[in-house]
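Colleague: Take a look at this one; I'll ask things after.
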Amino acid sequence: MIHLVQPMPGDTVSGGYRYGREIQKRLERDGTGCVTSLEDLDPRALSSSDVLVLDSLYLSKDIAPKLLEFPGRKCLLLHYLPSRQRLLNDGHRERRIRLEAQWLDWAERLLVPSFRFAATLPSSARRTKEVHVTTPGMSRAFRSPIPLLHEPREGEPLCIITVDAISSDKNVGAILEALRELDSHEFVWHIAGDLDRERDYGDAFLEAVERAGLSSRVRWHEKLSPASVARLLDQGHLYVTASREESYGMATAEAVARGLPVVGFDVGCTSQWVIPGANGHVLALGQEEEFRKTLLVLAANRGRLYKLAQGARTMAERIQFPSWDDTYDAFRLACARPVQKHKRTLDPRAPGHFG
């Protein structure tokens, strides 16, 4: 029996929780596992044939003593490492590194979203643990036929789509700084994301939108279903993300799958899907001024943007993103595979193969 152990989400919308829901549906469908919280878990009721898969969100806490004597297979599902959050002070970062080291020592196997993320794990973990890539899947809504591409009409506002929480690590303020230089009638900015993820940042962002006189140009979308996100992407001319911290980049992958040109920083797997000048532009982290200039140039040159859109449609046909069933198969294989004598990073499915 596989026990995916994850904090209860409440109203939170995130890639990690979407991953958990998709795995949960399939574990319960097959009768092979369940999702529970650490608070509700009783390891004394489990046996050596059971598998625990602990979510990354627990890594910033001490290991629960009740887990130390669990006799079954122990896995960590690493959507991210809490110590890598950019805005931590040195003291908090050091504490999280210590806590992560305890969890990494406890686990036998690490399930990660991409090979790029696997390569950034602490060297001791890469040397001593089995690392399995279990790439997030893509819902059917993003894999359906893409609407026909049309050239922008005269006077048509640029439709910009961002799918990110309003938080400091997602850095949506950098997009606002660029857009405030455009005439407001030239664009509409649709933001699909959680306004409550980081309340202080969200409030400051809303105030900045109002000060810039762009309230009428920003459209808010909270807690959308995958199908609704896909429909929103299909309305867009350009997908923009200023996120500074991703281990994979599920929202960007979905934009690429819907054939939207992308402007963003080189985080997660973005550079595997976006070829500069072909289907978008990828900037190195920290190049905020280049990011701003790139966005403004594309907003002013619809012909160049249309060529990127053509390239984005071609790229969407070439990249084969895994389905959630593929991810589930990789997840189960990672949990069930016999222990390897020689540790290596195992490859059930790479993220976004080129066909």
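Chain lettering (A, B, ...) mirrors the order of the structure tokens, residue numbering begins at 1 for each chain separately, and ligand numbering begins at 1 in order of display.
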Would you pick out the contacts of Glu156 of chain A at 10 Å or less, using only C-alpha atoms, so that residues sharing its chain but fewer than 5 positions from it are not included, and give the list as number ranges by chain?
Modeller: A: 185-188
Colleague: Would you export the selected residues with N, CA, C and O atoms as an mmCIF file, in the first residue's frame, please?
Modeller:
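Listed below is the output, again-v8.cif:
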```cif
data_model
loop_
_atom_site.group_PDB
_atom_site.id
_atom_site.type_symbol
_atom_site.label_atom_id
_atom_site.label_comp_id
_atom_site.auth_asym_id
_atom_site.auth_seq_id
_atom_site.Cartn_x
_atom_site.Cartn_y
_atom_site.Cartn_z
ATOM 1 N N HIS A 185 -4.537 51.096 -23.408
ATOM 2 C CA HIS A 185 -5.450 50.510 -24.391
ATOM 3 C C HIS A 185 -4.767 49.453 -25.252
ATOM 4 O O HIS A 185 -5.420 48.750 -26.016
ATOM 5 N N GLU A 186 -3.428 49.316 -25.134
ATOM 6 C CA GLU A 186 -2.692 48.416 -26.016
ATOM 7 C C GLU A 186 -2.716 46.964 -25.547
ATOM 8 O O GLU A 186 -2.299 46.072 -26.283
ATOM 9 N N PHE A 187 -3.162 46.692 -24.343
ATOM 10 C CA PHE A 187 -3.085 45.319 -23.841
ATOM 11 C C PHE A 187 -4.177 45.051 -22.816
ATOM 12 O O PHE A 187 -4.776 45.960 -22.237
ATOM 13 N N VAL A 188 -4.417 43.745 -22.607
ATOM 14 C CA VAL A 188 -5.195 43.229 -21.480
ATOM 15 C C VAL A 188 -4.344 42.137 -20.842
ATOM 16 O O VAL A 188 -3.809 41.270 -21.548
#
```
Colleague: Would you pick out the contacts of segment 68-83 of chain A at 6 Å or less, using only C-alpha atoms, so that residues sharing its chain but fewer than 2 positions from it are not included, and give the list as a list in words?
Modeller: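 After dropping sequence-adjacent residues, the list is Pro43, Ser48, Ser49, Asp50, Val51, Leu52, Val53, Leu54, Asp55, Ser56, Pro65, Lys66, Gln85, Arg93, Arg96, Ile97, Ala107, Glu108, Arg109, Leu110, Leu111, Val112 and Ser247 of chain A.
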Colleague: Can you write just those residues out, N, CA and C atoms, as a PDB file, in the first residue's frame?
Modeller:
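Result written to again.pdb:
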```pdb
ATOM      1  N   PRO A  43       1.988   5.239  11.827  1.00  0.00           N
ATOM      2  CA  PRO A  43       2.915   4.245  11.294  1.00  0.00           C
ATOM      3  C   PRO A  43       2.848   2.900  12.000  1.00  0.00           C
ATOM      4  N   SER A  48       5.933  -3.641   6.865  1.00  0.00           N
ATOM      5  CA  SER A  48       7.129  -3.478   6.045  1.00  0.00           C
ATOM      6  C   SER A  48       6.819  -3.501   4.551  1.00  0.00           C
ATOM      7  N   SER A  49       5.632  -3.942   4.176  1.00  0.00           N
ATOM      8  CA  SER A  49       5.253  -3.949   2.751  1.00  0.00           C
ATOM      9  C   SER A  49       4.659  -2.608   2.315  1.00  0.00           C
ATOM     10  N   ASP A  50       4.409  -1.703   3.269  1.00  0.00           N
ATOM     11  CA  ASP A  50       3.846  -0.398   2.935  1.00  0.00           C
ATOM     12  C   ASP A  50       4.943   0.568   2.480  1.00  0.00           C
ATOM     13  N   VAL A  51       4.514   1.589   1.757  1.00  0.00           N
ATOM     14  CA  VAL A  51       5.423   2.623   1.253  1.00  0.00           C
ATOM     15  C   VAL A  51       4.914   3.980   1.722  1.00  0.00           C
ATOM     16  N   LEU A  52       5.794   4.783   2.320  1.00  0.00           N
ATOM     17  CA  LEU A  52       5.466   6.163   2.669  1.00  0.00           C
ATOM     18  C   LEU A  52       6.135   7.096   1.665  1.00  0.00           C
ATOM     19  N   VAL A  53       5.354   8.030   1.124  1.00  0.00           N
ATOM     20  CA  VAL A  53       5.891   9.055   0.232  1.00  0.00           C
ATOM     21  C   VAL A  53       5.569  10.404   0.867  1.00  0.00           C
ATOM     22  N   LEU A  54       6.568  11.049   1.472  1.00  0.00           N
ATOM     23  CA  LEU A  54       6.374  12.312   2.188  1.00  0.00           C
ATOM     24  C   LEU A  54       6.564  13.495   1.245  1.00  0.00           C
ATOM     25  N   ASP A  55       5.644  14.443   1.302  1.00  0.00           N
ATOM     26  CA  ASP A  55       5.690  15.628   0.450  1.00  0.00           C
ATOM     27  C   ASP A  55       6.713  16.650   0.944  1.00  0.00           C
ATOM     28  N   SER A  56       7.263  17.426   0.012  1.00  0.00           N
ATOM     29  CA  SER A  56       8.275  18.453   0.317  1.00  0.00           C
ATOM     30  C   SER A  56       7.844  19.432   1.399  1.00  0.00           C
ATOM     31  N   PRO A  65       8.820  11.859  15.374  1.00  0.00           N
ATOM     32  CA  PRO A  65       9.452  10.665  15.956  1.00  0.00           C
ATOM     33  C   PRO A  65       8.796   9.364  15.524  1.00  0.00           C
ATOM     34  N   LYS A  66       7.480   9.414  15.277  1.00  0.00           N
ATOM     35  CA  LYS A  66       6.775   8.179  14.917  1.00  0.00           C
ATOM     36  C   LYS A  66       7.220   7.620  13.566  1.00  0.00           C
ATOM     37  N   GLN A  85      14.355  28.812  -1.095  1.00  0.00           N
ATOM     38  CA  GLN A  85      13.537  30.010  -1.273  1.00  0.00           C
ATOM     39  C   GLN A  85      14.424  31.245  -1.187  1.00  0.00           C
ATOM     40  N   ARG A  93      17.693  30.002   6.487  1.00  0.00           N
ATOM     41  CA  ARG A  93      18.195  29.092   5.452  1.00  0.00           C
ATOM     42  C   ARG A  93      19.015  27.960   6.074  1.00  0.00           C
ATOM     43  N   ARG A  96      16.772  25.429   7.719  1.00  0.00           N
ATOM     44  CA  ARG A  96      16.073  24.562   6.760  1.00  0.00           C
ATOM     45  C   ARG A  96      17.022  23.563   6.113  1.00  0.00           C
ATOM     46  N   ILE A  97      18.254  23.950   5.879  1.00  0.00           N
ATOM     47  CA  ILE A  97      19.236  23.006   5.333  1.00  0.00           C
ATOM     48  C   ILE A  97      19.445  21.859   6.318  1.00  0.00           C
ATOM     49  N   ALA A 107      15.132   9.146   4.195  1.00  0.00           N
ATOM     50  CA  ALA A 107      14.537   8.558   2.990  1.00  0.00           C
ATOM     51  C   ALA A 107      15.495   7.601   2.293  1.00  0.00           C
ATOM     52  N   GLU A 108      14.901   6.622   1.618  1.00  0.00           N
ATOM     53  CA  GLU A 108      15.668   5.717   0.753  1.00  0.00           C
ATOM     54  C   GLU A 108      15.637   6.188  -0.700  1.00  0.00           C
ATOM     55  N   ARG A 109      14.502   6.787  -1.084  1.00  0.00           N
ATOM     56  CA  ARG A 109      14.304   7.171  -2.472  1.00  0.00           C
ATOM     57  C   ARG A 109      13.797   8.598  -2.555  1.00  0.00           C
ATOM     58  N   LEU A 110      14.215   9.277  -3.601  1.00  0.00           N
ATOM     59  CA  LEU A 110      13.801  10.648  -3.845  1.00  0.00           C
ATOM     60  C   LEU A 110      13.085  10.694  -5.183  1.00  0.00           C
ATOM     61  N   LEU A 111      11.871  11.246  -5.183  1.00  0.00           N
ATOM     62  CA  LEU A 111      11.084  11.407  -6.401  1.00  0.00           C
ATOM     63  C   LEU A 111      11.117  12.887  -6.766  1.00  0.00           C
ATOM     64  N   VAL A 112      11.623  13.204  -7.945  1.00  0.00           N
ATOM     65  CA  VAL A 112      11.841  14.601  -8.333  1.00  0.00           C
ATOM     66  C   VAL A 112      11.152  14.883  -9.667  1.00  0.00           C
ATOM     67  N   SER A 247      11.028  24.256  -9.866  1.00  0.00           N
ATOM     68  CA  SER A 247      11.751  22.989 -10.012  1.00  0.00           C
ATOM     69  C   SER A 247      11.372  22.297 -11.316  1.00  0.00           C
TER      70      SER A 247
END
```
Colleague: Of the residues A:Gly20, A:Pro226, A:Pro113, A:Pro152, which is the one nearest to Glu254 of chain A, using only C-alpha atoms?
Modeller: A:Pro226
Colleague: Considering only C-alpha atoms, return as a VMD selection string whatever protein or nucleic-acid residues lie within 8 Å of segment 139-144 of chain A, sequence-local ones (same chain, fewer than 3 positions apart) excluded.
Modeller: chain A and resid 226 to 227 230 254 257 to 258 323 to 324
Colleague: With N, CA, C and O atoms kept, could you save the residues just selected as a PDB file, in the first residue's frame?
Modeller:
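Final output, part_23.pdb:
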```pdb
ATOM      1  N   PRO A 226      -8.194  23.042 -14.538  1.00  0.00           N
ATOM      2  CA  PRO A 226      -7.293  22.923 -15.695  1.00  0.00           C
ATOM      3  C   PRO A 226      -7.974  23.255 -17.018  1.00  0.00           C
ATOM      4  O   PRO A 226      -7.384  23.928 -17.866  1.00  0.00           O
ATOM      5  N   ALA A 227      -9.221  22.833 -17.197  1.00  0.00           N
ATOM      6  CA  ALA A 227      -9.928  23.125 -18.447  1.00  0.00           C
ATOM      7  C   ALA A 227     -10.112  24.632 -18.625  1.00  0.00           C
ATOM      8  O   ALA A 227      -9.977  25.160 -19.742  1.00  0.00           O
ATOM      9  N   ALA A 230      -6.809  26.154 -19.638  1.00  0.00           N
ATOM     10  CA  ALA A 230      -6.548  25.887 -21.060  1.00  0.00           C
ATOM     11  C   ALA A 230      -7.337  26.842 -21.949  1.00  0.00           C
ATOM     12  O   ALA A 230      -6.797  27.376 -22.934  1.00  0.00           O
ATOM     13  N   GLU A 254       2.300  24.033 -19.679  1.00  0.00           N
ATOM     14  CA  GLU A 254       0.935  24.045 -20.224  1.00  0.00           C
ATOM     15  C   GLU A 254       0.772  25.131 -21.280  1.00  0.00           C
ATOM     16  O   GLU A 254       0.079  24.930 -22.293  1.00  0.00           O
ATOM     17  N   ALA A 257       2.362  23.808 -24.363  1.00  0.00           N
ATOM     18  CA  ALA A 257       1.506  22.785 -24.964  1.00  0.00           C
ATOM     19  C   ALA A 257       0.329  23.383 -25.730  1.00  0.00           C
ATOM     20  O   ALA A 257      -0.164  22.784 -26.689  1.00  0.00           O
ATOM     21  N   ARG A 258      -0.127  24.580 -25.326  1.00  0.00           N
ATOM     22  CA  ARG A 258      -1.230  25.253 -26.035  1.00  0.00           C
ATOM     23  C   ARG A 258      -0.727  26.157 -27.156  1.00  0.00           C
ATOM     24  O   ARG A 258      -1.497  26.898 -27.765  1.00  0.00           O
ATOM     25  N   SER A 323       1.217  12.394 -19.916  1.00  0.00           N
ATOM     26  CA  SER A 323      -0.123  12.506 -19.336  1.00  0.00           C
ATOM     27  C   SER A 323      -0.021  12.194 -17.849  1.00  0.00           C
ATOM     28  O   SER A 323       1.014  11.702 -17.352  1.00  0.00           O
ATOM     29  N   TRP A 324      -1.119  12.440 -17.115  1.00  0.00           N
ATOM     30  CA  TRP A 324      -1.112  12.076 -15.697  1.00  0.00           C
ATOM     31  C   TRP A 324      -1.075  10.570 -15.500  1.00  0.00           C
ATOM     32  O   TRP A 324      -0.555  10.080 -14.489  1.00  0.00           O
TER      33      TRP A 324
END
```
Colleague: Tell me which of A:Gln235, A:Thr314, A:Thr162, A:Ser37 sits closest to Val262 of chain A, counting only C-alpha atoms.
Modeller: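 Closest to Val262 of chain A, using only C-alpha atoms: A:Thr162.
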Colleague: Among segment 61-113 of chain A, which residues carry a DSSP assignment of helix (DSSP H, G or I), reported as an MDAnalysis selection string?
Modeller: chainID A and resid 65:67 82:84 90:106
Colleague: Take the residues from that selection and write them out as an mmCIF file, in the first residue's frame, keeping N, CA and C atoms.
Modeller:
```cif
data_model
loop_
_atom_site.group_PDB
_atom_site.id
_atom_site.type_symbol
_atom_site.label_atom_id
_atom_site.label_comp_id
_atom_site.auth_asym_id
_atom_site.auth_seq_id
_atom_site.Cartn_x
_atom_site.Cartn_y
_atom_site.Cartn_z
ATOM 1 N N PRO A 65 8.820 11.859 15.374
ATOM 2 C CA PRO A 65 9.452 10.665 15.956
ATOM 3 C C PRO A 65 8.796 9.364 15.524
ATOM 4 N N LYS A 66 7.480 9.414 15.277
ATOM 5 C CA LYS A 66 6.775 8.179 14.917
ATOM 6 C C LYS A 66 7.220 7.620 13.566
ATOM 7 N N LEU A 67 7.914 8.441 12.751
ATOM 8 C CA LEU A 67 8.370 7.956 11.447
ATOM 9 C C LEU A 67 9.680 7.193 11.529
ATOM 10 N N PRO A 82 12.756 23.587 0.502
ATOM 11 C CA PRO A 82 12.417 24.833 1.210
ATOM 12 C C PRO A 82 13.609 25.752 1.452
ATOM 13 N N SER A 83 14.804 25.203 1.585
ATOM 14 C CA SER A 83 15.985 26.032 1.867
ATOM 15 C C SER A 83 16.375 26.889 0.674
ATOM 16 N N ARG A 84 15.802 26.613 -0.498
ATOM 17 C CA ARG A 84 16.194 27.344 -1.712
ATOM 18 C C ARG A 84 15.316 28.565 -1.968
ATOM 19 N N ASP A 90 19.850 34.332 6.407
ATOM 20 C CA ASP A 90 20.859 33.280 6.566
ATOM 21 C C ASP A 90 20.484 32.292 7.669
ATOM 22 N N GLY A 91 19.945 32.813 8.780
ATOM 23 C CA GLY A 91 19.593 31.936 9.889
ATOM 24 C C GLY A 91 18.497 30.948 9.515
ATOM 25 N N HIS A 92 17.440 31.439 8.859
ATOM 26 C CA HIS A 92 16.353 30.548 8.450
ATOM 27 C C HIS A 92 16.830 29.550 7.400
ATOM 28 N N ARG A 93 17.693 30.002 6.487
ATOM 29 C CA ARG A 93 18.195 29.092 5.452
ATOM 30 C C ARG A 93 19.015 27.960 6.074
ATOM 31 N N GLU A 94 19.899 28.313 7.015
ATOM 32 C CA GLU A 94 20.728 27.289 7.658
ATOM 33 C C GLU A 94 19.866 26.283 8.411
ATOM 34 N N ARG A 95 18.827 26.777 9.080
ATOM 35 C CA ARG A 95 17.947 25.855 9.802
ATOM 36 C C ARG A 95 17.247 24.909 8.834
ATOM 37 N N ARG A 96 16.772 25.429 7.719
ATOM 38 C CA ARG A 96 16.073 24.562 6.760
ATOM 39 C C ARG A 96 17.022 23.563 6.113
ATOM 40 N N ILE A 97 18.254 23.950 5.879
ATOM 41 C CA ILE A 97 19.236 23.006 5.333
ATOM 42 C C ILE A 97 19.445 21.859 6.318
ATOM 43 N N ARG A 98 19.532 22.182 7.624
ATOM 44 C CA ARG A 98 19.704 21.132 8.633
ATOM 45 C C ARG A 98 18.497 20.190 8.659
ATOM 46 N N LEU A 99 17.288 20.766 8.598
ATOM 47 C CA LEU A 99 16.091 19.927 8.617
ATOM 48 C C LEU A 99 16.020 19.058 7.372
ATOM 49 N N GLU A 100 16.329 19.637 6.225
ATOM 50 C CA GLU A 100 16.310 18.851 4.986
ATOM 51 C C GLU A 100 17.298 17.688 5.046
ATOM 52 N N ALA A 101 18.465 17.932 5.638
ATOM 53 C CA ALA A 101 19.472 16.876 5.751
ATOM 54 C C ALA A 101 18.935 15.702 6.560
ATOM 55 N N GLN A 102 18.159 15.991 7.615
ATOM 56 C CA GLN A 102 17.563 14.908 8.412
ATOM 57 C C GLN A 102 16.581 14.092 7.574
ATOM 58 N N TRP A 103 15.737 14.791 6.817
ATOM 59 C CA TRP A 103 14.762 14.084 5.986
ATOM 60 C C TRP A 103 15.449 13.282 4.879
ATOM 61 N N LEU A 104 16.480 13.870 4.269
ATOM 62 C CA LEU A 104 17.199 13.162 3.201
ATOM 63 C C LEU A 104 17.907 11.922 3.747
ATOM 64 N N ASP A 105 18.385 12.022 4.965
ATOM 65 C CA ASP A 105 19.003 10.855 5.593
ATOM 66 C C ASP A 105 17.962 9.779 5.873
ATOM 67 N N TRP A 106 16.739 10.188 6.246
ATOM 68 C CA TRP A 106 15.655 9.248 6.558
ATOM 69 C C TRP A 106 15.190 8.492 5.308
#
```
Colleague: For Gly249 of chain A, work out the shell of residues within 8 Å, counting only C-alpha atoms and skipping chain neighbours fewer than 2 positions away, then give it as an MDAnalysis selection string.
Modeller: chainID A and resid 246:247 251:253 267:270
Colleague: Would you return as a PDB file with C-alpha atoms, in the first residue's frame the members of segment 62-296 of chain A that DSSP assigns to strand (DSSP E or B) on this structure's backbone?
Modeller:
```pdb
ATOM      1  CA  ARG A  73       9.991   1.829   2.126  1.00  0.00           C
ATOM      2  CA  LYS A  74      10.595   5.543   2.763  1.00  0.00           C
ATOM      3  CA  CYS A  75      10.392   8.094  -0.067  1.00  0.00           C
ATOM      4  CA  LEU A  76      10.439  11.874  -0.371  1.00  0.00           C
ATOM      5  CA  LEU A  77       8.410  13.609  -3.075  1.00  0.00           C
ATOM      6  CA  ARG A 109      14.304   7.171  -2.472  1.00  0.00           C
ATOM      7  CA  LEU A 110      13.801  10.648  -3.845  1.00  0.00           C
ATOM      8  CA  LEU A 111      11.084  11.407  -6.401  1.00  0.00           C
ATOM      9  CA  VAL A 112      11.841  14.601  -8.333  1.00  0.00           C
ATOM     10  CA  GLU A 130      17.962   6.409  -5.554  1.00  0.00           C
ATOM     11  CA  VAL A 131      16.661   9.393  -7.477  1.00  0.00           C
ATOM     12  CA  HIS A 132      13.583   8.821  -9.655  1.00  0.00           C
ATOM     13  CA  VAL A 133      12.254  11.392 -12.118  1.00  0.00           C
ATOM     14  CA  THR A 134       8.445  11.406 -11.947  1.00  0.00           C
ATOM     15  CA  MET A 138      -0.547  17.267 -18.274  1.00  0.00           C
ATOM     16  CA  LEU A 158      -2.360  42.428 -26.891  1.00  0.00           C
ATOM     17  CA  CYS A 159      -3.703  39.602 -24.695  1.00  0.00           C
ATOM     18  CA  ILE A 160      -1.064  38.636 -22.120  1.00  0.00           C
ATOM     19  CA  ILE A 161      -1.545  35.572 -19.917  1.00  0.00           C
ATOM     20  CA  THR A 162       0.216  34.863 -16.619  1.00  0.00           C
ATOM     21  CA  VAL A 163      -0.514  31.752 -14.537  1.00  0.00           C
ATOM     22  CA  PHE A 187      -3.085  45.319 -23.841  1.00  0.00           C
ATOM     23  CA  VAL A 188      -5.195  43.229 -21.480  1.00  0.00           C
ATOM     24  CA  TRP A 189      -3.360  41.238 -18.805  1.00  0.00           C
ATOM     25  CA  HIS A 190      -5.057  38.087 -17.513  1.00  0.00           C
ATOM     26  CA  ILE A 191      -3.582  36.730 -14.262  1.00  0.00           C
ATOM     27  CA  ALA A 192      -4.645  33.284 -13.077  1.00  0.00           C
ATOM     28  CA  VAL A 218      -5.940  43.540 -15.443  1.00  0.00           C
ATOM     29  CA  ARG A 219      -8.319  40.583 -15.254  1.00  0.00           C
ATOM     30  CA  TRP A 220      -8.128  38.333 -12.186  1.00  0.00           C
ATOM     31  CA  HIS A 221      -8.845  34.588 -12.263  1.00  0.00           C
ATOM     32  CA  LEU A 238       1.701  35.813 -25.274  1.00  0.00           C
ATOM     33  CA  TYR A 239       2.447  33.928 -22.052  1.00  0.00           C
ATOM     34  CA  VAL A 240       4.627  35.869 -19.608  1.00  0.00           C
ATOM     35  CA  VAL A 262       6.651  32.410 -23.842  1.00  0.00           C
ATOM     36  CA  VAL A 263       8.755  35.126 -22.214  1.00  0.00           C
ATOM     37  CA  GLY A 264      10.337  34.117 -18.915  1.00  0.00           C
ATOM     38  CA  PHE A 265      13.490  33.459 -16.938  1.00  0.00           C
ATOM     39  CA  PRO A 276      14.880  31.935 -28.023  1.00  0.00           C
ATOM     40  CA  GLY A 280       9.684  32.789 -27.171  1.00  0.00           C
ATOM     41  CA  HIS A 281      12.540  34.263 -25.180  1.00  0.00           C
ATOM     42  CA  VAL A 282      14.342  32.931 -22.079  1.00  0.00           C
ATOM     43  CA  LEU A 283      16.345  35.361 -19.945  1.00  0.00           C
TER      44      LEU A 283
END
```
